[in-house]
Every structure is written in C-alpha cells, then in structure tokens.
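Trainee: One file: coords-v9.txt (compact mmCIF, C-alpha atoms).
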```
# COMPACT_ATOMS: atom_id res chain seq x y z
CA MET S 1 14.63 38.84 32.89
CA PRO S 2 12.37 41.90 33.11
CA ARG S 3 8.78 41.20 32.15
CA ILE S 4 6.75 43.61 30.06
CA LEU S 5 3.07 42.92 29.46
CA GLY S 6 3.54 39.24 30.19
CA VAL S 7 6.54 38.75 27.95
CA ASP S 8 10.13 38.24 29.08
CA ILE S 9 12.62 40.49 27.35
CA PRO S 10 16.30 39.62 27.00
CA ASN S 11 18.47 40.85 29.84
CA ASN S 12 21.78 41.81 28.36
CA LYS S 13 20.70 43.73 25.29
CA LYS S 14 20.28 47.46 25.03
CA VAL S 15 16.74 48.58 25.74
CA PRO S 16 15.50 49.13 22.13
CA TYR S 17 16.87 45.77 20.93
CA SER S 18 15.46 44.08 23.96
CA LEU S 19 12.02 45.58 23.45
CA ALA S 20 12.05 44.32 19.89
CA ALA S 21 11.47 40.85 21.34
CA LEU S 22 7.82 41.85 21.66
CA TYR S 23 5.63 40.87 18.71
CA GLY S 24 4.50 44.13 17.16
CA VAL S 25 7.45 46.17 18.39
CA GLY S 26 10.43 46.47 16.10
CA LEU S 27 13.47 48.69 16.28
CA LYS S 28 11.54 51.67 14.98
CA ARG S 29 8.82 51.49 17.59
CA ALA S 30 11.27 50.54 20.35
CA GLY S 31 13.15 53.76 19.60
CA VAL S 32 9.94 55.74 19.87
CA VAL S 33 9.14 54.07 23.18
CA CYS S 34 12.54 54.98 24.62
CA LYS S 35 12.14 58.56 23.53
CA GLU S 36 8.60 58.95 24.84
CA CYS S 37 9.37 57.27 28.17
CA GLN S 38 12.64 59.19 28.51
CA ILE S 39 14.82 56.14 28.84
CA ASP S 40 18.46 56.17 27.76
CA PRO S 41 18.61 53.80 24.78
CA ALA S 42 22.20 52.86 25.68
CA LYS S 43 21.00 51.30 28.92
CA ARG S 44 20.80 47.53 29.20
CA ALA S 45 17.48 45.84 29.92
CA TYR S 46 18.54 44.53 33.35
CA GLN S 47 19.31 48.08 34.46
CA LEU S 48 15.69 49.17 34.07
CA SER S 49 13.96 49.99 37.34
CA GLU S 50 10.47 48.76 38.20
CA GLU S 51 9.12 52.25 37.70
CA GLU S 52 10.70 52.52 34.23
CA LEU S 53 9.29 49.12 33.25
CA GLY S 54 5.86 50.31 34.32
CA ARG S 55 6.22 53.45 32.24
CA ILE S 56 7.21 51.43 29.18
CA ALA S 57 4.34 48.99 29.69
CA THR S 58 1.69 51.66 29.99
CA TYR S 59 3.05 53.54 26.96
CA ILE S 60 3.09 50.45 24.77
CA GLU S 61 -0.30 49.28 25.94
CA SER S 62 -2.00 52.59 25.23
CA ASN S 63 -0.35 53.21 21.86
CA PHE S 64 0.29 49.93 20.06
CA VAL S 65 -1.54 46.73 19.36
CA ILE S 66 0.91 43.96 20.20
CA GLU S 67 1.32 40.23 20.83
CA GLY S 68 -1.89 38.18 20.95
CA ASN S 69 -4.16 41.05 19.98
CA LEU S 70 -2.06 41.84 16.92
CA ARG S 71 -1.93 38.19 15.91
CA ARG S 72 -5.68 37.97 16.23
CA GLU S 73 -6.14 41.13 14.19
CA ILE S 74 -3.99 39.80 11.36
CA GLN S 75 -5.80 36.48 11.43
CA ALA S 76 -9.14 38.24 11.27
CA ASN S 77 -8.01 40.23 8.23
CA VAL S 78 -6.86 37.11 6.42
CA ALA S 79 -10.09 35.34 7.35
CA ARG S 80 -12.01 38.23 5.83
CA PHE S 81 -10.13 37.88 2.53
CA LYS S 82 -10.94 34.18 2.46
CA GLU S 83 -14.56 34.74 3.31
CA ILE S 84 -15.28 37.24 0.55
CA GLY S 85 -13.62 35.00 -1.97
CA CYS S 86 -11.19 37.52 -3.39
CA TRP S 87 -7.88 36.82 -5.02
CA ARG S 88 -5.83 37.55 -1.91
CA GLY S 89 -7.94 35.13 0.10
CA TYR S 90 -7.39 32.45 -2.52
CA ARG S 91 -3.64 33.02 -2.37
CA HIS S 92 -3.64 32.91 1.42
CA ALA S 93 -5.63 29.69 1.41
CA ARG S 94 -3.01 28.11 -0.83
CA SER S 95 -0.13 29.77 1.02
CA LEU S 96 1.21 31.43 -2.10
CA PRO S 97 2.38 35.04 -2.39
CA CYS S 98 -0.56 37.47 -2.52
CA ARG S 99 1.00 40.49 -4.10
CA GLY S 100 1.76 39.39 -7.59
CA GLN S 101 5.26 38.06 -7.09
CA ARG S 102 6.59 35.37 -9.38
CA THR S 103 6.22 31.79 -8.28
CA ARG S 104 8.16 30.05 -11.00
CA THR S 105 11.20 30.41 -8.76
CA ASN S 106 11.70 31.77 -5.27
CA SER S 107 8.75 32.60 -2.96
CA ARG S 108 10.17 29.91 -0.70
CA THR S 109 9.00 31.79 2.38
CA ARG S 110 5.39 31.19 1.43
CA LYS S 111 5.75 27.85 -0.28
CA GLY S 112 8.00 26.29 2.34
CA LYS S 113 10.76 23.84 1.68
CA ARG S 114 11.18 22.54 -1.84
CA LYS S 115 9.16 19.44 -2.61
CA THR S 116 11.20 17.62 -5.19
CA VAL S 117 9.30 15.80 -7.88
CA ALA S 118 11.17 12.70 -9.04
CA ASN S 119 11.93 12.45 -12.75
CA LYS S 120 10.16 15.70 -13.50
CA LYS S 121 12.29 16.43 -16.58
CA ILE S 122 11.97 12.97 -18.04
CA LEU S 123 8.19 12.95 -17.69
CA ARG S 124 7.84 16.21 -19.50
CA LYS S 125 9.31 14.83 -22.75
CA MET B 126 2.12 52.74 -6.25
CA SER B 127 -1.39 53.51 -5.11
CA ARG B 128 -3.86 55.85 -6.71
CA SER B 129 -3.85 59.50 -5.76
CA SER B 130 -6.49 60.12 -3.10
CA ARG B 131 -7.32 63.43 -4.76
CA LYS B 132 -9.00 61.52 -7.60
CA GLY B 133 -11.02 59.25 -5.32
CA PRO B 134 -11.67 55.61 -6.11
CA TYR B 135 -12.12 54.56 -9.73
CA VAL B 136 -15.73 53.62 -10.32
CA ASP B 137 -17.16 52.83 -13.72
CA ILE B 138 -19.78 55.54 -14.37
CA LYS B 139 -21.90 53.26 -16.51
CA LEU B 140 -22.08 50.75 -13.71
CA LEU B 141 -23.21 53.42 -11.28
CA GLU B 142 -25.94 54.45 -13.70
CA LYS B 143 -27.11 50.86 -13.98
CA ILE B 144 -27.20 50.54 -10.20
CA GLU B 145 -29.29 53.70 -9.99
CA LYS B 146 -31.74 52.25 -12.50
CA GLN B 147 -31.97 49.00 -10.59
CA LYS B 148 -32.59 50.85 -7.37
CA GLU B 149 -35.49 52.72 -8.94
CA SER B 150 -37.07 49.69 -10.54
CA GLY B 151 -36.21 47.33 -7.69
CA ALA B 152 -34.92 44.72 -10.10
CA ARG B 153 -31.98 42.68 -8.95
CA ALA B 154 -30.81 40.99 -12.12
CA PRO B 155 -27.07 40.41 -12.36
CA ILE B 156 -25.26 43.19 -14.19
CA LYS B 157 -22.87 41.98 -16.85
CA THR B 158 -19.61 43.85 -16.80
CA TRP B 159 -16.11 43.80 -18.17
CA SER B 160 -15.04 46.53 -15.80
CA ARG B 161 -12.77 44.53 -13.53
CA ALA B 162 -10.82 47.58 -12.42
CA CYS B 163 -13.90 49.22 -10.95
CA THR B 164 -13.79 49.69 -7.18
CA VAL B 165 -16.66 48.31 -5.11
CA VAL B 166 -18.46 51.21 -3.46
CA PRO B 167 -21.16 51.01 -0.77
CA ASP B 168 -23.87 51.60 -3.41
CA PHE B 169 -23.10 48.16 -4.86
CA ILE B 170 -24.02 46.24 -1.69
CA GLY B 171 -26.73 43.68 -2.28
CA HIS B 172 -26.41 43.77 -6.05
CA THR B 173 -25.04 40.96 -8.14
CA PHE B 174 -22.53 41.40 -10.94
CA SER B 175 -21.39 39.08 -13.64
CA VAL B 176 -17.74 39.89 -13.91
CA HIS B 177 -15.89 38.85 -17.03
CA ASN B 178 -12.73 36.85 -16.45
CA GLY B 179 -11.58 36.91 -20.05
CA LYS B 180 -13.63 33.89 -20.97
CA THR B 181 -16.85 33.65 -19.02
CA PHE B 182 -18.83 35.76 -16.60
CA ILE B 183 -18.56 34.88 -12.93
CA SER B 184 -21.41 36.03 -10.74
CA VAL B 185 -20.33 38.05 -7.73
CA HIS B 186 -22.78 39.00 -5.01
CA ILE B 187 -21.54 42.10 -3.21
CA THR B 188 -21.58 42.09 0.58
CA ASP B 189 -20.49 44.92 2.85
CA ASN B 190 -17.12 43.24 3.45
CA MET B 191 -16.17 43.69 -0.18
CA VAL B 192 -16.22 47.46 -0.24
CA GLY B 193 -12.88 48.88 -1.30
CA HIS B 194 -11.85 45.90 -3.39
CA LYS B 195 -11.94 45.80 -7.17
CA LEU B 196 -14.54 43.74 -9.02
CA GLY B 197 -11.78 41.77 -10.74
CA GLU B 198 -10.52 40.41 -7.45
CA PHE B 199 -13.61 38.24 -7.22
CA SER B 200 -13.44 36.84 -10.72
CA VAL B 201 -10.43 34.59 -11.03
CA THR B 202 -8.73 34.65 -14.41
CA ARG B 203 -6.76 31.45 -14.06
CA ARG B 204 -7.57 28.20 -12.38
CA PHE B 205 -4.85 25.84 -11.26
CA THR B 206 -5.92 22.31 -12.02
CA GLY B 207 -2.90 20.56 -10.53
CA HIS B 208 0.39 19.51 -11.96
CA GLY B 209 0.20 16.85 -14.60
CA GLY B 210 1.60 13.43 -13.93
CA THR B 211 1.18 10.11 -15.61
CA LYS B 212 -1.24 8.97 -12.92
CA LYS B 213 -3.57 11.89 -13.42
CA GLU B 214 -3.48 11.55 -17.20
CA GLU B 215 -4.38 7.88 -16.93
CA ALA B 216 -7.28 8.72 -14.67
CA LYS B 217 -8.72 10.94 -17.36
```
Would it be possible to restate this file's structure as structure tokens?
Mentor:
Amino acid sequence: MPRILGVDIPNNKKVPYSLAALYGVGLKRAGVVCKECQIDPAKRAYQLSEEELGRIATYIESNFVIEGNLRREIQANVARFKEIGCWRGYRHARSLPCRGQRTRTNSRTRKGKRKTVANKKILRK
Amino acid sequence: MSRSSRKGPYVDIKLLEKIEKQKESGARAPIKTWSRACTVVPDFIGHTFSVHNGKTFISVHITDNMVGHKLGEFSVTRRFTGHGGTKKEEAK
C-alpha cells in the first residue's frame, strides 16, 4: 500500500480512483492531480515510484485542503452557524436538512434510520 | 439560483437610513423591521433589530459573524414543540 500524506491508498486500483480514497479528493481532483504531476492515469497505484508519490503529495498538500484539516474546517463552519443562531445552525443542531428540502418523507440521510412510532395512526383518530 | 453579483447584496434602504441616524445620535434602540430578506452588511454590526417572524418581533443582535446572512435567518418562523402523544397531552 503506498502512503500519501499519512493515508494508505488502495493498491490495485488505477491512480485516480486510488487517490479518491483521500478525504477531500474525489475523481475530479484526482484527475487534475494526475495531469499536473504528469502521471499516466491508467497506471495502477502499486506501480507508482517513490519519486512520483512525492510529487503527488507535494502537489496535493500545496493546492488542496484535505483530511483532518478539511474536517476541521467544515466543523468550524457548522459551529459558526450554530453560534450565530441562524436557521442553518438550528437545522444542523437537530440534524435535519438545512437547505429547504421536505422532511415529511425522505431526508433519511440526515434523520438516520426510521424510528417507528407504535400505533401512530390509531392515536391520531 | 443565487443573486447576480452585478446587483450587489439586497439591503433595505430604509434600514440603512435608520442605521445612519442611530450612528449620528448614538442611540442603540432595537430597530423594528419586517424586512427579513435584507442582507446583513458590516454597517449593522453592534446594532439590534427586532425582526418580524410573522407573529412577533424577535430581537437579533448583530455580531461580525452574521455578515452575509439575511435578517430572516435569525428570526425563526416556526417552532417545533414535539410530536403529540397521549402522555404529553395528559401532562398538560
């Protein structure tokens, strides 16, 4: 497993897909990295030389915010919303969707697994 | 769809005038407003608004973190009081 910036990336995948294992690097950015570092995107991750890994690492480090730093940045933004008491902060605090989506159905990503209420229909009558 | 940057942020002109007046007189009374769509600009910092939520006015003190948000974001229009159940109704 090659290591990039303290994270192991999968061995047998092509370089862009392998790089996408980093938090903050998706396929789009991974493609950019390959292009800028002049690495053949058809190559597999285990075929990367030490020198190529170094090139990738320096490029990513100087251009993107990734992993822990990115997580911290996002957390700080959410904390700001909560602190100023705005609507988005309120929605984050209750882990509900923040951007005006419906919550009558769906939004399971935010709300988590369904909590079934026993006899809901009977009680309503 | 966001607002065209050519127009700049939407700020209620009347509110700006009131802020100007307050700055001159030094008074810091809360400004009553219905203008929930008005963007918070740096001039507002330190002033207090009473933002209408459709029913009452909620006082909002503007800090520097709030710049760029709309006034309405700080004045909640609906409050979730929990789902009703027989237990809760009995408690009342």
Trainee: State, in Å with one decimal place, the distance from atom CA of His194 of chain B to atom CA of Phe81 of chain S.
Mentor: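 Result for atom CA of His194 of chain B versus atom CA of Phe81 of chain S: 10.1 Å, one decimal.
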Trainee: Determine, for each residue of chain S having at least one atom at most 8 Å from an atom of chain B, the closest pair of atoms and their separation in Å to one decimal, counting all atoms listed in the file; order by chain and ascending number, as CSV.
Mentor:
```
residue,atom,partner,partner_atom,distance
S:Arg80,CA,B:Asn190,CA,7.5
S:Ile84,CA,B:Met191,CA,6.6
S:Gly85,CA,B:Phe199,CA,6.2
S:Cys86,CA,B:Phe199,CA,4.6
S:Trp87,CA,B:Glu198,CA,5.1
S:Arg88,CA,B:Glu198,CA,7.8
S:Leu123,CA,B:Gly210,CA,7.6
```
Trainee: Would you list the contacts of Met1 of chain S as a list in words, taking every protein, DNA or RNA residue within 10 Å and counting all atoms listed in the file, but skipping same-chain residues closer than 4 positions in sequence?
Mentor: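 Here the qualifying residues turn out to be Val7, Asp8, Ile9, Pro10, Asn11, Asn12, Ala45 and Tyr46 of chain S.
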Trainee: Using all atoms listed in the file, which of the listed residues (S:Cys34, S:Leu96, S:Ala20, S:Val65) sits closest to Lys111 of chain S?
Mentor: S:Leu96
Trainee: Would you work out the distance separating atom CA of Ala162 of chain B from atom CA of Ser130 of chain B, expressed in Å to one decimal?
Mentor: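 Value for the atom CA of Ala162 of chain B-atom CA of Ser130 of chain B distance: 16.2 Å.
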Trainee: If I take atom CA of Cys163 of chain B and atom CA of Tyr135 of chain B, how far is one from the other in Å, to one decimal?
Mentor: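 For atom CA of Cys163 of chain B relative to atom CA of Tyr135 of chain B, the distance reads 5.8 Å.
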Trainee: Counting only C-alpha atoms, figure out which residue out of B:Lys180, B:Lys132, B:Arg203, B:Lys146 gets nearest to Trp159 of chain B.
Mentor: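 Comparing B:Lys180, B:Lys132, B:Arg203, B:Lys146 against Trp159 of chain B, the winner is B:Lys180.
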Trainee: Nearest to Ser160 of chain B: which of B:Gln147, B:Leu141, B:Gly207, B:His177 is it, counting all atoms listed in the file?
Mentor: B:His177
Trainee: Out of S:Leu19, S:Val117, S:Val25, S:Leu53, which residue has the shortest atom-to-atom distance to Glu67 of chain S when counting only C-alpha atoms?
Mentor: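 Distance minimum relative to Glu67 of chain S lands on S:Val25.
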Trainee: Excluding Phe182 of chain B and any residue of its chain fewer than 3 positions from it, enumerate the residues within 9 Å of it, using all atoms listed in the file, and give them as an MDAnalysis selection string.
Mentor: chainID B and resid 157:159 174:179 200
Trainee: May I ask which of the residues S:Gly24, S:Val32, S:Pro16, S:Ala57 is the closest one to Ile4 of chain S, counting only C-alpha atoms?
Mentor: S:Ala57
Trainee: Just need the box for segment 7-16 of chain S, edges along x, y and z, holding every atom the file lists for it with 5 Å tacked onto each side, so centre and edge lengths in Å to one decimal, as AutoDock Vina command-line options.
Mentor:
```
--center_x 14.2 --center_y 43.7 --center_z 26.0 --size_x 25.2 --size_y 20.9 --size_z 17.7
```
Trainee: Of the residues B:Ile183, B:Met126, B:Ala154, B:Val136, which is the one nearest to Val166 of chain B, using all atoms listed in the file?
Mentor: B:Val136
Trainee: For the point (13.4, 49.4, 24.4) in file coordinates, what residues are within 10 Å, counting all atoms listed in the file? Give the answer as a VMD selection string?
Mentor: chain S and resid 9 13 to 22 25 to 35 37 39 to 45 48 53 56
Trainee: Could you model N, CA, C and O atoms for segment 30-41 of chain S and present them as a PDB file, in the frame of the given file?
Mentor:
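Result went into selection_10.pdb, see below:
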```pdb
ATOM      1  N   ALA S  30      10.524  50.595  19.094  1.00  0.00           N
ATOM      2  CA  ALA S  30      11.270  50.540  20.350  1.00  0.00           C
ATOM      3  C   ALA S  30      11.987  51.876  20.582  1.00  0.00           C
ATOM      4  O   ALA S  30      12.034  52.377  21.705  1.00  0.00           O
ATOM      5  N   GLY S  31      12.505  52.456  19.487  1.00  0.00           N
ATOM      6  CA  GLY S  31      13.150  53.760  19.600  1.00  0.00           C
ATOM      7  C   GLY S  31      12.172  54.818  20.059  1.00  0.00           C
ATOM      8  O   GLY S  31      12.483  55.633  20.928  1.00  0.00           O
ATOM      9  N   VAL S  32      10.981  54.777  19.485  1.00  0.00           N
ATOM     10  CA  VAL S  32       9.940  55.740  19.870  1.00  0.00           C
ATOM     11  C   VAL S  32       9.599  55.588  21.343  1.00  0.00           C
ATOM     12  O   VAL S  32       9.475  56.575  22.065  1.00  0.00           O
ATOM     13  N   VAL S  33       9.480  54.324  21.785  1.00  0.00           N
ATOM     14  CA  VAL S  33       9.140  54.070  23.180  1.00  0.00           C
ATOM     15  C   VAL S  33      10.185  54.681  24.104  1.00  0.00           C
ATOM     16  O   VAL S  33       9.859  55.378  25.061  1.00  0.00           O
ATOM     17  N   CYS S  34      11.466  54.450  23.788  1.00  0.00           N
ATOM     18  CA  CYS S  34      12.540  54.980  24.620  1.00  0.00           C
ATOM     19  C   CYS S  34      12.460  56.498  24.711  1.00  0.00           C
ATOM     20  O   CYS S  34      12.641  57.086  25.772  1.00  0.00           O
ATOM     21  N   LYS S  35      12.189  57.106  23.572  1.00  0.00           N
ATOM     22  CA  LYS S  35      12.140  58.560  23.530  1.00  0.00           C
ATOM     23  C   LYS S  35      10.977  59.076  24.369  1.00  0.00           C
ATOM     24  O   LYS S  35      11.137  59.981  25.190  1.00  0.00           O
ATOM     25  N   GLU S  36       9.807  58.475  24.169  1.00  0.00           N
ATOM     26  CA  GLU S  36       8.600  58.950  24.840  1.00  0.00           C
ATOM     27  C   GLU S  36       8.660  58.695  26.346  1.00  0.00           C
ATOM     28  O   GLU S  36       8.121  59.472  27.130  1.00  0.00           O
ATOM     29  N   CYS S  37       9.296  57.581  26.747  1.00  0.00           N
ATOM     30  CA  CYS S  37       9.370  57.270  28.170  1.00  0.00           C
ATOM     31  C   CYS S  37      10.625  57.832  28.808  1.00  0.00           C
ATOM     32  O   CYS S  37      10.913  57.555  29.980  1.00  0.00           O
ATOM     33  N   GLN S  38      11.397  58.575  28.029  1.00  0.00           N
ATOM     34  CA  GLN S  38      12.640  59.190  28.510  1.00  0.00           C
ATOM     35  C   GLN S  38      13.557  58.161  29.162  1.00  0.00           C
ATOM     36  O   GLN S  38      13.926  58.271  30.335  1.00  0.00           O
ATOM     37  N   ILE S  39      13.898  57.156  28.356  1.00  0.00           N
ATOM     38  CA  ILE S  39      14.820  56.140  28.840  1.00  0.00           C
ATOM     39  C   ILE S  39      16.045  56.156  27.929  1.00  0.00           C
ATOM     40  O   ILE S  39      15.913  56.210  26.698  1.00  0.00           O
ATOM     41  N   ASP S  40      17.214  56.139  28.530  1.00  0.00           N
ATOM     42  CA  ASP S  40      18.460  56.170  27.760  1.00  0.00           C
ATOM     43  C   ASP S  40      18.576  54.889  26.938  1.00  0.00           C
ATOM     44  O   ASP S  40      18.632  53.801  27.508  1.00  0.00           O
ATOM     45  N   PRO S  41      18.592  55.007  25.612  1.00  0.00           N
ATOM     46  CA  PRO S  41      18.610  53.800  24.780  1.00  0.00           C
ATOM     47  C   PRO S  41      19.907  52.999  24.930  1.00  0.00           C
ATOM     48  O   PRO S  41      19.961  51.851  24.510  1.00  0.00           O
TER      49      PRO S  41
END
```
